[in-house]
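Participant: Next up, final_27.cif (mmCIF, C-alpha atoms).
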data_final
#
loop_
_atom_site.label_atom_id
_atom_site.label_comp_id
_atom_site.auth_asym_id
_atom_site.auth_seq_id
_atom_site.Cartn_x
_atom_site.Cartn_y
_atom_site.Cartn_z
CA MET A 1 0.00 0.00 0.00
CA ARG A 2 1.37 3.47 -0.85
CA ALA A 3 2.26 5.74 2.05
CA GLY A 4 -0.51 8.14 2.91
CA ARG A 5 -3.25 6.21 1.13
CA ARG A 6 -6.19 5.44 3.40
CA PRO A 7 -7.61 1.91 3.31
CA LEU A 8 -11.08 1.31 1.96
CA ASP A 9 -13.85 1.70 4.51
CA ILE A 10 -16.23 -1.15 3.69
CA GLN A 11 -18.99 0.15 5.95
CA LEU A 12 -18.82 3.61 4.38
CA ILE A 13 -19.10 2.06 0.92
CA LEU A 14 -22.05 -0.09 2.00
CA VAL A 15 -23.82 2.92 3.54
CA VAL A 16 -23.39 4.83 0.27
CA LEU A 17 -24.83 1.83 -1.60
CA LEU A 18 -27.76 1.65 0.83
CA LEU A 19 -28.51 5.38 0.48
CA GLY A 20 -28.32 5.07 -3.29
CA LEU A 21 -30.70 2.12 -3.20
CA LEU A 22 -33.15 4.05 -1.03
CA TRP A 23 -32.87 7.14 -3.23
CA VAL A 24 -33.78 5.11 -6.29
CA ALA A 25 -36.56 2.91 -4.89
CA GLY A 26 -37.30 3.68 -1.23
CA GLY A 27 -39.93 6.41 -1.40
CA ALA A 28 -43.17 4.40 -1.20
CA SER A 29 -44.99 2.70 1.65
CA ARG A 30 -47.31 0.48 -0.39
CA GLY A 31 -46.35 -3.17 -0.42
CA ASP A 32 -47.20 -3.77 -4.09
CA VAL A 33 -44.90 -1.20 -5.72
CA MET A 34 -41.79 -2.32 -7.59
CA GLY A 35 -39.51 -0.45 -5.24
CA GLN A 36 -40.18 -2.76 -2.29
CA PRO A 37 -38.54 -5.95 -3.66
CA VAL A 38 -35.67 -3.86 -5.02
CA VAL A 39 -34.98 -2.21 -1.66
CA ARG A 40 -35.46 -5.35 0.42
CA GLY A 41 -33.41 -7.56 -1.86
CA GLY A 42 -30.64 -4.98 -1.91
CA CYS A 43 -30.73 -4.71 1.89
CA TRP A 44 -30.34 -8.46 2.31
CA ALA A 45 -27.36 -8.40 -0.05
CA ILE A 46 -25.80 -5.51 1.91
CA VAL A 47 -26.38 -7.36 5.19
CA ALA A 48 -24.62 -10.42 3.79
CA ALA A 49 -21.67 -8.31 2.64
CA ALA A 50 -21.48 -6.53 6.00
CA ILE A 51 -21.46 -9.80 7.92
CA LEU A 52 -18.83 -11.37 5.68
CA ALA A 53 -16.52 -8.37 5.28
CA GLY A 54 -17.26 -6.13 8.25
CA PRO A 55 -16.07 -6.02 11.85
CA ARG A 56 -18.09 -7.06 14.86
CA PRO A 57 -20.85 -4.50 15.58
CA ALA A 58 -20.13 -2.18 18.51
CA LEU A 59 -23.26 -1.09 20.39
CA ASP A 60 -21.59 0.83 23.23
CA GLY A 61 -23.78 3.80 24.08
CA ALA A 62 -26.64 2.61 21.86
CA ARG A 63 -27.87 -0.56 23.55
CA TRP A 64 -31.47 0.66 23.65
CA LEU A 65 -31.73 0.79 19.87
CA PRO A 66 -31.36 -2.96 19.14
CA TRP A 67 -33.92 -3.76 21.83
CA LEU A 68 -36.41 -1.28 20.39
CA LEU A 69 -35.85 -2.76 16.92
CA VAL A 70 -36.26 -6.32 18.25
CA ALA A 71 -39.51 -5.32 19.97
CA THR A 72 -40.74 -3.72 16.75
CA ILE A 73 -39.95 -6.88 14.79
CA ALA A 74 -41.59 -9.07 17.44
CA LEU A 75 -44.95 -7.30 17.15
CA PRO A 76 -45.87 -8.37 13.57
CA LEU A 77 -44.07 -11.69 14.06
CA LEU A 78 -46.29 -12.63 17.02
CA GLN A 79 -49.37 -11.48 15.11
CA LEU A 80 -48.60 -14.13 12.46
CA VAL A 81 -48.55 -17.08 14.87
CA PRO A 82 -51.56 -19.36 14.08
CA LEU A 83 -54.19 -19.52 16.84
CA PRO A 84 -56.83 -22.18 17.57
CA PRO A 85 -60.30 -21.33 16.22
CA ALA A 86 -61.76 -20.59 19.65
CA TRP A 87 -58.96 -18.14 20.41
CA TRP A 88 -59.12 -15.97 17.32
CA GLN A 89 -62.92 -16.00 17.24
CA ALA A 90 -62.86 -14.45 20.72
CA LEU A 91 -60.90 -11.45 19.44
CA PRO A 92 -62.87 -8.26 18.65
CA GLY A 93 -64.14 -7.87 15.08
CA ARG A 94 -63.20 -11.36 13.86
CA GLU A 95 -66.77 -12.43 13.14
CA VAL A 96 -66.42 -11.09 9.58
CA LEU A 97 -63.74 -13.75 8.92
CA LEU A 98 -66.15 -16.64 9.49
CA VAL A 99 -67.41 -18.47 6.39
CA PRO A 100 -70.96 -19.79 6.90
CA GLY A 101 -71.07 -23.57 6.71
CA ASP A 102 -67.27 -24.03 6.93
CA ALA A 103 -65.44 -25.20 10.02
CA PRO A 104 -63.27 -22.32 11.31
CA PRO A 105 -59.55 -22.99 10.66
CA TRP A 106 -56.55 -21.94 12.68
CA ARG A 107 -55.80 -18.25 11.97
CA PRO A 108 -53.27 -15.73 13.23
CA LEU A 109 -54.16 -12.73 15.36
CA THR A 110 -53.87 -10.35 12.40
CA MET A 111 -56.91 -9.96 10.17
CA THR A 112 -54.67 -9.45 7.12
CA PRO A 113 -51.78 -11.96 7.22
CA GLY A 114 -50.36 -10.91 3.85
CA ALA A 115 -50.21 -7.25 4.83
CA THR A 116 -48.61 -8.13 8.17
CA ARG A 117 -45.97 -10.26 6.45
CA ASN A 118 -45.23 -7.27 4.23
CA ALA A 119 -44.90 -5.02 7.31
CA LEU A 120 -42.51 -7.52 8.88
CA ALA A 121 -40.43 -7.76 5.70
CA SER A 122 -40.09 -3.96 5.53
CA LEU A 123 -38.10 -3.91 8.78
CA ILE A 124 -35.01 -5.22 7.00
CA VAL A 125 -34.32 -1.57 6.06
CA PRO A 126 -33.82 -0.18 9.59
CA ALA A 127 -32.04 -3.39 10.61
CA THR A 128 -29.56 -2.96 7.76
CA MET A 129 -28.85 0.67 8.60
CA LEU A 130 -28.38 -0.15 12.30
CA LEU A 131 -25.93 -2.95 11.45
CA LEU A 132 -23.82 -0.70 9.22
CA LEU A 133 -23.72 2.11 11.77
CA ALA A 134 -22.76 -0.32 14.54
CA GLN A 135 -19.90 -1.62 12.39
CA GLY A 136 -18.79 1.81 11.17
CA GLY A 137 -15.84 3.80 12.43
CA GLU A 138 -14.93 7.46 12.71
CA ARG A 139 -14.80 7.98 8.94
CA LEU A 140 -18.43 6.91 8.61
CA ARG A 141 -19.52 9.06 11.56
CA ALA A 142 -17.78 12.11 10.10
CA ALA A 143 -19.11 11.52 6.58
CA MET A 144 -22.73 10.73 7.46
CA PRO A 145 -24.08 14.32 7.73
CA GLY A 146 -22.60 15.23 4.36
CA LEU A 147 -23.95 12.04 2.78
CA LEU A 148 -27.46 12.78 4.06
CA LEU A 149 -27.30 16.37 2.86
CA ALA A 150 -26.22 15.19 -0.60
CA PHE A 151 -29.03 12.61 -0.54
CA ILE A 152 -31.62 15.30 0.25
CA THR A 153 -30.22 17.74 -2.31
CA ALA A 154 -30.36 15.10 -5.04
CA ALA A 155 -34.00 14.39 -4.12
CA VAL A 156 -34.77 18.12 -4.33
CA LEU A 157 -33.29 18.22 -7.83
CA VAL A 158 -35.85 15.60 -8.88
CA GLY A 159 -38.55 17.82 -7.40
CA LEU A 160 -37.24 20.75 -9.43
CA VAL A 161 -37.52 18.67 -12.60
CA GLN A 162 -41.16 17.97 -11.69
CA PHE A 163 -41.63 21.67 -10.93
CA THR A 164 -40.71 22.60 -14.51
CA GLY A 165 -43.66 20.56 -15.76
CA ALA A 166 -41.50 17.84 -17.25
CA ARG A 167 -43.09 14.41 -17.15
CA PHE A 168 -41.40 12.14 -14.63
CA ASN A 169 -42.85 8.68 -14.19
CA HIS A 170 -41.04 7.01 -11.28
CA PRO A 171 -40.78 3.28 -12.12
CA PHE A 172 -40.42 2.17 -8.47
CA VAL A 173 -42.88 4.47 -6.71
CA ASN A 174 -46.63 4.99 -7.05
CA ASP A 175 -46.29 8.73 -7.58
CA THR A 176 -49.10 10.98 -8.81
CA ALA A 177 -48.74 12.70 -12.18
CA GLY A 178 -48.33 16.46 -11.83
CA GLN A 179 -47.51 16.31 -8.11
CA ILE A 180 -44.14 17.55 -6.88
CA SER A 181 -43.13 14.69 -4.61
CA GLY A 182 -39.50 14.13 -5.62
CA ILE A 183 -38.42 10.54 -4.98
CA PHE A 184 -41.51 9.86 -2.83
CA ALA A 185 -45.03 8.80 -3.62
CA ASN A 186 -46.38 11.39 -1.17
CA ARG A 187 -45.57 15.11 -1.23
CA ASN A 188 -45.89 15.37 2.57
CA HIS A 189 -43.13 12.78 2.96
CA PHE A 190 -41.00 14.70 0.47
CA ALA A 191 -41.57 17.93 2.42
CA LEU A 192 -40.51 16.16 5.62
CA LEU A 193 -37.24 15.08 3.98
CA ILE A 194 -36.58 18.66 2.89
CA ALA A 195 -37.37 19.94 6.40
CA MET A 196 -34.71 17.54 7.69
CA GLY A 197 -32.36 19.12 5.18
CA CYS A 198 -33.14 22.56 6.63
CA ALA A 199 -32.17 21.25 10.08
CA LEU A 200 -29.08 19.46 8.77
CA ALA A 201 -27.49 22.19 6.65
CA PRO A 202 -26.34 24.62 9.41
CA PRO A 203 -24.66 21.96 11.64
CA TRP A 204 -22.98 20.47 8.57
CA ALA A 205 -21.59 23.91 7.66
CA PHE A 206 -20.14 24.50 11.13
CA ALA A 207 -18.80 20.97 11.65
CA ASP A 208 -15.51 21.84 9.90
CA ARG A 209 -13.99 25.18 10.85
CA GLU A 210 -11.51 25.13 7.98
CA ALA A 211 -14.25 24.48 5.42
CA LEU A 212 -16.77 26.95 6.88
CA ARG A 213 -15.80 29.60 4.33
CA TRP A 214 -17.29 27.56 1.50
CA ARG A 215 -19.70 25.41 3.48
CA GLY A 216 -21.47 28.41 5.00
CA PRO A 217 -22.55 30.03 1.69
CA LEU A 218 -23.38 26.62 0.23
CA ALA A 219 -25.58 25.73 3.22
CA ALA A 220 -27.34 29.10 3.01
CA GLY A 221 -28.03 28.58 -0.69
CA LEU A 222 -29.32 25.06 -0.06
CA ILE A 223 -31.68 26.31 2.65
CA VAL A 224 -33.19 28.86 0.25
CA LEU A 225 -33.58 26.10 -2.35
CA PHE A 226 -35.16 23.78 0.25
CA VAL A 227 -37.65 26.42 1.41
CA LEU A 228 -38.76 27.22 -2.13
CA THR A 229 -39.13 23.52 -2.95
CA ILE A 230 -41.33 22.98 0.11
CA LEU A 231 -43.55 25.83 -1.09
CA ALA A 232 -43.76 24.20 -4.52
CA THR A 233 -44.74 20.78 -3.18
CA GLY A 234 -48.20 21.93 -2.12
CA SER A 235 -47.75 20.34 1.31
CA ARG A 236 -49.46 22.47 3.95
CA ALA A 237 -47.88 20.42 6.74
CA GLY A 238 -44.53 20.73 4.99
CA MET A 239 -44.60 24.50 5.46
CA LEU A 240 -44.79 24.05 9.23
CA LEU A 241 -42.15 21.33 9.23
CA GLY A 242 -39.85 23.52 7.16
CA VAL A 243 -40.13 26.38 9.65
CA VAL A 244 -39.47 24.03 12.57
CA GLY A 245 -36.57 22.34 10.79
CA LEU A 246 -34.94 25.64 9.87
CA GLY A 247 -35.42 26.97 13.40
CA ALA A 248 -33.84 23.82 14.83
CA GLY A 249 -30.87 24.04 12.48
CA VAL A 250 -30.19 27.67 13.39
CA ALA A 251 -30.60 26.95 17.12
CA LEU A 252 -28.04 24.15 16.90
CA VAL A 253 -25.30 26.50 15.65
CA ALA A 254 -26.39 29.76 17.29
CA ARG A 255 -23.66 29.76 19.94
CA ARG A 256 -20.97 28.79 17.45
CA LEU A 257 -22.13 31.55 15.11
CA ARG A 258 -22.04 34.13 17.90
CA ARG A 259 -18.57 32.97 18.90
CA ARG A 260 -17.41 33.13 15.29
CA LEU A 261 -18.60 36.75 15.08
CA SER A 262 -17.50 37.76 18.58
CA ARG A 263 -14.66 39.95 17.26
CA ALA A 264 -16.80 41.56 14.59
CA PRO A 265 -18.76 44.78 15.21
CA ARG A 266 -22.01 44.31 17.13
CA TRP A 267 -24.14 45.20 14.14
CA VAL A 268 -22.80 42.30 12.03
CA LEU A 269 -24.85 39.51 13.66
CA PRO A 270 -28.22 41.36 13.52
CA ALA A 271 -27.46 42.44 9.97
CA LEU A 272 -26.61 38.87 8.99
CA ALA A 273 -29.83 37.56 10.56
CA LEU A 274 -31.85 40.30 8.85
CA GLY A 275 -30.19 39.54 5.53
CA ILE A 276 -31.08 35.85 5.78
CA VAL A 277 -34.67 36.70 6.69
CA VAL A 278 -34.94 39.17 3.81
CA LEU A 279 -33.38 36.68 1.38
CA ILE A 280 -35.70 33.83 2.33
CA GLY A 281 -38.72 36.13 2.70
CA GLY A 282 -38.05 37.73 -0.67
CA ALA A 283 -37.74 34.35 -2.34
CA ILE A 284 -41.01 33.23 -0.75
CA ALA A 285 -42.76 36.46 -1.77
CA ALA A 286 -41.52 36.11 -5.35
CA SER A 287 -42.75 32.52 -5.42
CA VAL A 288 -46.18 33.55 -4.13
CA LEU A 289 -46.48 36.49 -6.56
CA ALA A 290 -45.52 34.20 -9.43
CA ASP A 291 -48.24 31.78 -8.31
CA ARG A 292 -45.65 29.04 -7.84
CA ALA A 293 -46.14 28.50 -4.08
CA ASP A 294 -48.71 25.74 -4.18
CA SER A 295 -48.44 25.12 -0.43
CA VAL A 296 -49.62 28.65 0.30
CA ASN A 297 -52.43 28.40 -2.24
CA ARG A 298 -53.69 25.15 -0.73
CA LEU A 299 -53.52 26.61 2.76
CA LEU A 300 -55.60 29.62 1.80
CA THR A 301 -58.23 27.50 0.03
CA LEU A 302 -58.48 24.78 2.68
CA ASP A 303 -62.06 23.77 3.53
CA ARG A 304 -62.02 21.43 6.50
CA ALA A 305 -65.56 20.22 5.74
CA GLU A 306 -64.25 18.77 2.50
CA ASP A 307 -61.09 17.31 4.00
CA VAL A 308 -61.54 13.54 3.85
CA ARG A 309 -58.99 12.94 6.57
CA THR A 310 -60.92 15.09 9.00
CA ARG A 311 -64.24 13.45 8.13
CA ALA A 312 -62.72 9.98 8.48
CA LEU A 313 -61.26 10.66 11.93
CA PRO A 314 -64.36 9.60 13.93
CA THR A 315 -64.45 6.31 12.02
CA VAL A 316 -60.74 5.67 12.68
CA LEU A 317 -61.19 6.43 16.40
CA GLY A 318 -64.12 4.01 16.50
CA MET A 319 -61.99 1.32 14.84
CA VAL A 320 -59.20 1.80 17.40
CA ALA A 321 -61.66 1.30 20.25
CA HIS A 322 -63.35 -1.64 18.51
CA TYR A 323 -60.15 -3.70 18.01
CA MET A 324 -58.60 -3.04 21.41
CA PRO A 325 -56.73 -4.52 23.22
CA PHE A 326 -55.02 -6.70 20.57
CA GLY A 327 -55.32 -4.58 17.42
CA SER A 328 -56.32 -5.58 13.90
CA GLY A 329 -52.86 -6.44 12.57
CA PHE A 330 -50.01 -4.41 11.10
CA GLY A 331 -50.25 -3.24 7.53
CA GLY A 332 -53.95 -3.97 7.06
CA PHE A 333 -55.58 -0.56 7.47
CA ASP A 334 -57.09 -0.41 3.97
CA PRO A 335 -59.15 -3.65 4.01
CA VAL A 336 -60.09 -3.19 7.67
CA PHE A 337 -61.25 0.38 7.05
CA ARG A 338 -63.49 -0.83 4.22
CA ILE A 339 -65.36 -2.97 6.73
CA HIS A 340 -66.23 0.13 8.77
CA GLU A 341 -66.32 2.79 6.04
CA PRO A 342 -69.58 4.78 6.17
CA LEU A 343 -71.51 5.58 3.02
CA ALA A 344 -70.69 9.29 3.39
CA LEU A 345 -67.00 8.55 2.80
CA LEU A 346 -67.39 6.32 -0.26
CA LYS A 347 -65.55 7.68 -3.30
CA LEU A 348 -63.63 6.52 -6.35
CA THR A 349 -60.29 6.59 -4.53
CA TYR A 350 -59.52 4.66 -1.35
CA PHE A 351 -58.42 5.75 2.13
CA ASN A 352 -55.06 3.99 2.42
CA GLN A 353 -53.93 4.91 5.98
CA ALA A 354 -55.21 6.53 9.16
CA HIS A 355 -53.11 9.64 8.33
CA ASN A 356 -52.13 9.74 11.98
CA ASP A 357 -49.51 7.12 12.68
CA PHE A 358 -50.07 7.20 16.42
CA LEU A 359 -53.67 6.14 15.82
CA GLY A 360 -52.40 3.74 13.16
CA ILE A 361 -50.11 2.01 15.64
CA ALA A 362 -52.92 1.81 18.20
CA LEU A 363 -55.21 0.25 15.59
CA ASP A 364 -52.62 -2.16 14.17
CA GLY A 365 -50.83 -3.22 17.34
CA GLY A 366 -53.27 -2.58 20.15
CA ILE A 367 -51.87 -2.18 23.65
CA ALA A 368 -48.63 -4.00 22.77
CA GLY A 369 -47.96 -1.53 19.95
CA LEU A 370 -48.64 1.40 22.25
CA ILE A 371 -46.24 0.00 24.87
CA VAL A 372 -43.40 -0.22 22.34
CA LEU A 373 -44.26 3.27 21.07
CA ALA A 374 -44.27 4.65 24.61
CA ALA A 375 -40.89 3.04 25.31
CA ALA A 376 -39.41 4.61 22.16
CA LEU A 377 -40.85 8.04 22.97
CA GLY A 378 -39.65 7.79 26.56
CA TRP A 379 -36.11 6.97 25.42
CA TRP A 380 -36.16 9.84 22.90
CA ALA A 381 -37.38 12.33 25.52
CA SER A 382 -34.85 11.31 28.17
CA ALA A 383 -31.97 11.23 25.67
CA THR A 384 -32.98 14.64 24.31
CA ILE A 385 -32.90 16.17 27.79
CA ALA A 386 -29.48 14.59 28.39
CA VAL A 387 -27.88 15.94 25.21
CA TRP A 388 -29.16 19.48 25.74
CA ARG A 389 -27.67 19.43 29.23
CA ALA A 390 -24.35 17.92 28.15
CA PRO A 391 -21.21 19.95 27.35
CA ALA A 392 -21.06 20.56 23.64
CA ASP A 393 -18.76 18.60 21.36
CA GLU A 394 -19.23 17.20 17.87
CA ALA A 395 -20.99 14.05 19.13
CA VAL A 396 -23.41 16.14 21.20
CA LEU A 397 -24.10 18.44 18.26
CA ARG A 398 -24.95 15.43 16.08
CA ALA A 399 -27.08 14.05 18.92
CA ARG A 400 -29.07 17.27 19.14
CA LEU A 401 -29.52 17.17 15.37
CA GLY A 402 -30.71 13.55 15.63
CA SER A 403 -33.21 14.55 18.30
CA ALA A 404 -34.53 17.35 16.06
CA MET A 405 -34.87 14.98 13.09
CA ILE A 406 -36.87 12.50 15.17
CA ALA A 407 -39.04 15.37 16.43
CA LEU A 408 -39.81 16.31 12.82
CA VAL A 409 -40.87 12.72 12.06
CA LEU A 410 -43.07 12.66 15.17
CA ALA A 411 -44.70 15.94 14.16
CA ALA A 412 -45.28 14.70 10.62
CA SER A 413 -46.77 11.46 11.97
CA VAL A 414 -49.62 13.39 13.56
CA PHE A 415 -51.14 13.95 10.12
CA ASP A 416 -49.45 11.32 7.95
CA TYR A 417 -47.46 8.06 7.95
CA PRO A 418 -43.87 8.92 6.89
CA ALA A 419 -42.18 6.28 9.05
CA ARG A 420 -43.72 3.54 6.90
CA THR A 421 -41.47 4.47 3.94
CA PRO A 422 -38.02 2.85 3.67
CA ILE A 423 -36.24 6.20 3.36
CA VAL A 424 -37.66 7.62 6.58
CA MET A 425 -37.14 4.29 8.40
CA ALA A 426 -33.43 4.52 7.61
CA LEU A 427 -33.20 8.19 8.57
CA ILE A 428 -34.86 7.50 11.91
CA VAL A 429 -32.16 4.91 12.65
CA VAL A 430 -29.39 7.38 11.75
CA ALA A 431 -30.96 10.09 13.92
CA ALA A 432 -31.46 7.67 16.83
CA TRP A 433 -27.86 6.45 16.50
CA TRP A 434 -26.57 10.02 16.73
CA LEU A 435 -28.83 10.72 19.69
CA ALA A 436 -27.79 7.55 21.51
CA HIS A 437 -24.07 8.25 21.13
CA GLY A 438 -24.41 11.84 22.29
CA SER A 439 -26.41 10.94 25.39
CA GLY A 440 -24.31 8.00 26.60
CA GLY A 441 -23.31 9.79 29.74
CA ARG A 442 -19.54 9.46 29.24
CA PRO A 443 -17.59 12.62 30.23
CA ARG A 444 -16.35 14.66 27.30
CA ALA A 445 -14.22 17.71 26.86
CA ALA A 446 -16.37 20.55 25.68
CA LEU A 447 -15.57 22.25 22.41
CA PRO A 448 -16.17 25.95 21.89
CA GLU A 449 -19.50 26.65 20.30
#
Go ahead and render the structure in this file as structure tokens.
Facilitator:
Amino acid sequence: MRAGRRPLDIQLILVVLLLGLLWVAGGASRGDVMGQPVVRGGCWAIVAAAILAGPRPALDGARWLPWLLVATIALPLLQLVPLPPAWWQALPGREVLLVPGDAPPWRPLTMTPGATRNALASLIVPATMLLLLAQGGERLRAAMPGLLLAFITAAVLVGLVQFTGARFNHPFVNDTAGQISGIFANRNHFALLIAMGCALAPPWAFADREALRWRGPLAAGLIVLFVLTILATGSRAGMLLGVVGLGAGVALVARRLRRRLSRAPRWVLPALALGIVVLIGGAIAASVLADRADSVNRLLTLDRAEDVRTRALPTVLGMVAHYMPFGSGFGGFDPVFRIHEPLALLKLTYFNQAHNDFLGIALDGGIAGLIVLAAALGWWASATIAVWRAPADEAVLRARLGSAMIALVLAASVFDYPARTPIVMALIVVAAWWLAHGSGGRPRAALPE
């Protein structure tokens, strides 16, 4: 080996392959789209390569994450265990599964075994990302923010192509013609990804002091691009997520920015903040005046009486109560909803999810699903408090960023189901890994912010 040449980092290469795979085919949640076998098959191949060529996974500081993943996998797995006829007939809502004149067979707890098997199979994505991160070294940890920012920027470029009116038929995703959804099937999920980019760009710029001179202007330009793309998506929720994401990103680097400008005249920092506000505000105003801000237009024309999600909420709440305490089975919302769908909601299209993933988990998993959800939220809350109290270093900064990214997913899950897409599953694992390693409780030397 030549002197000075760094050896290949297998885990870094595999992470790049995984992100590329997700970028190409990981933007849909439906089990029947072409992207699902592509992503899952690729993940299994990456897992095999990681096991054969990678080091032993190191879970120091992140031991909660494998247990949460194991619990998540166990839920659909247990729902697929066949039960005696008397047992499953005693579960709420199972009378519709009886065939008159036929002896009842053994059936699993889930009402939709095929959909639950699909939900179980989808978990190979977060498992693959967790394995690679656990095997990865310092090069992977240092490169990951930049890789994610490049991933998001490339997705935004696809959205810009759609914005021009060019026809873009995604072969692996069930996208809607004319909708600006980037690499996703759903524009709300695309807006969430961009909001994560707004949170990620400022910490990435300040992570390398030597490169700040070019990273700073690049990050500022990307943020403007991200904000305008969110406006173009037509996602009302995305507007809120974008504001929160941008606020989180600025808050993460505020002290470092003040320290960087400590020797400058006092007027420089307010002028810089005002300039950023004017730049972003002017871009938004120009977009609105040009009638290119579809998110704003949809917000101003919103009629809640015509919003199907709002009108379906009482039915979804009734379903949650009806199938407690065991749930109806993961992945089966669509066929189960059709059993309870009132005539007033019948239309040519179908209602594919609860559009509130907290209610969706309660419906699918019952009390067991809510327990796992509560454990995950409890860990996130306690770890978030720990990292905001800890002395600041690079690991803590990444941990705070990870906490903010998870918060964005939680907020988006109130009105949608982003965590059911492979891309967001993988990003949640990355964010949780950062958060876990920044809240491990080991003493660190603080770095100047």
Participant: Which one is closest to Gly327 of chain A: A:Pro92, A:Pro85, A:Pro100, A:Gly26? Count all atoms listed in the file.
Facilitator: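 The shortest atom-to-atom distance to Gly327 of chain A comes from A:Pro92.
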Participant: Is there a way to get, as an MDAnalysis selection string, all residues within 10 Å of the point (-43.5, 8.9, 8.0) in file coordinates, counting all atoms listed in the file?
Facilitator: chainID A and resid 29 186 188:190 192:193 355:357 408:425 428
Participant: Taking all atoms listed in the file into account, name the residue in A:Pro55, A:Pro171, A:Pro113, A:Gly238 that is nearest to Gly329 of chain A.
Facilitator: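 For Gly329 of chain A, the nearest of the given residues is A:Pro113.
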Participant: Calculate how many Å separate atom CA of Gly249 of chain A from atom CA of Arg236 of chain A, rounding to one decimal.
Facilitator: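 These two atoms are separated by 20.5 Å.
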Participant: Which residue, A:Leu363, A:Leu131, A:Ile51, A:Ala58, has the smallest gap to Thr110 of chain A when you use all atoms listed in the file?
Facilitator: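 Checking each of A:Leu363, A:Leu131, A:Ile51, A:Ala58 against Thr110 of chain A, counting all atoms listed in the file, the winner is A:Leu363.
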Participant: Please provide the set of residues having any atom within 9 Å of Val320 of chain A, restricted to all atoms listed in the file, with same-chain residues fewer than 2 positions apart removed, written as JSON, numbers by chain.
Facilitator: {"A": [315, 316, 317, 318, 322, 323, 324, 325, 327, 328, 359, 360, 362, 363, 364, 366]}
Participant: Could you work out how far atom CA of Val47 of chain A lies from atom CA of Asp9 of chain A, giving the answer in Å with one decimal?
Facilitator: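 Those two atoms sit 15.5 Å apart.
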Participant: Written as a compact mmCIF listing (two decimals) with C-alpha atoms, keeping the file's coordinate frame, what is the full residue list that the PyMOL selection byres ((chain A and resi 350) around 10) yields on the file shown?
Facilitator:
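Okay, expr-v7.txt is ready:
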# COMPACT_ATOMS: atom_id res chain seq x y z
CA ASP A 334 -57.09 -0.41 3.97
CA PRO A 335 -59.15 -3.65 4.01
CA PHE A 337 -61.25 0.38 7.05
CA ARG A 338 -63.49 -0.83 4.22
CA LEU A 345 -67.00 8.55 2.80
CA LEU A 346 -67.39 6.32 -0.26
CA LYS A 347 -65.55 7.68 -3.30
CA LEU A 348 -63.63 6.52 -6.35
CA THR A 349 -60.29 6.59 -4.53
CA PHE A 351 -58.42 5.75 2.13
CA ASN A 352 -55.06 3.99 2.42
CA GLN A 353 -53.93 4.91 5.98
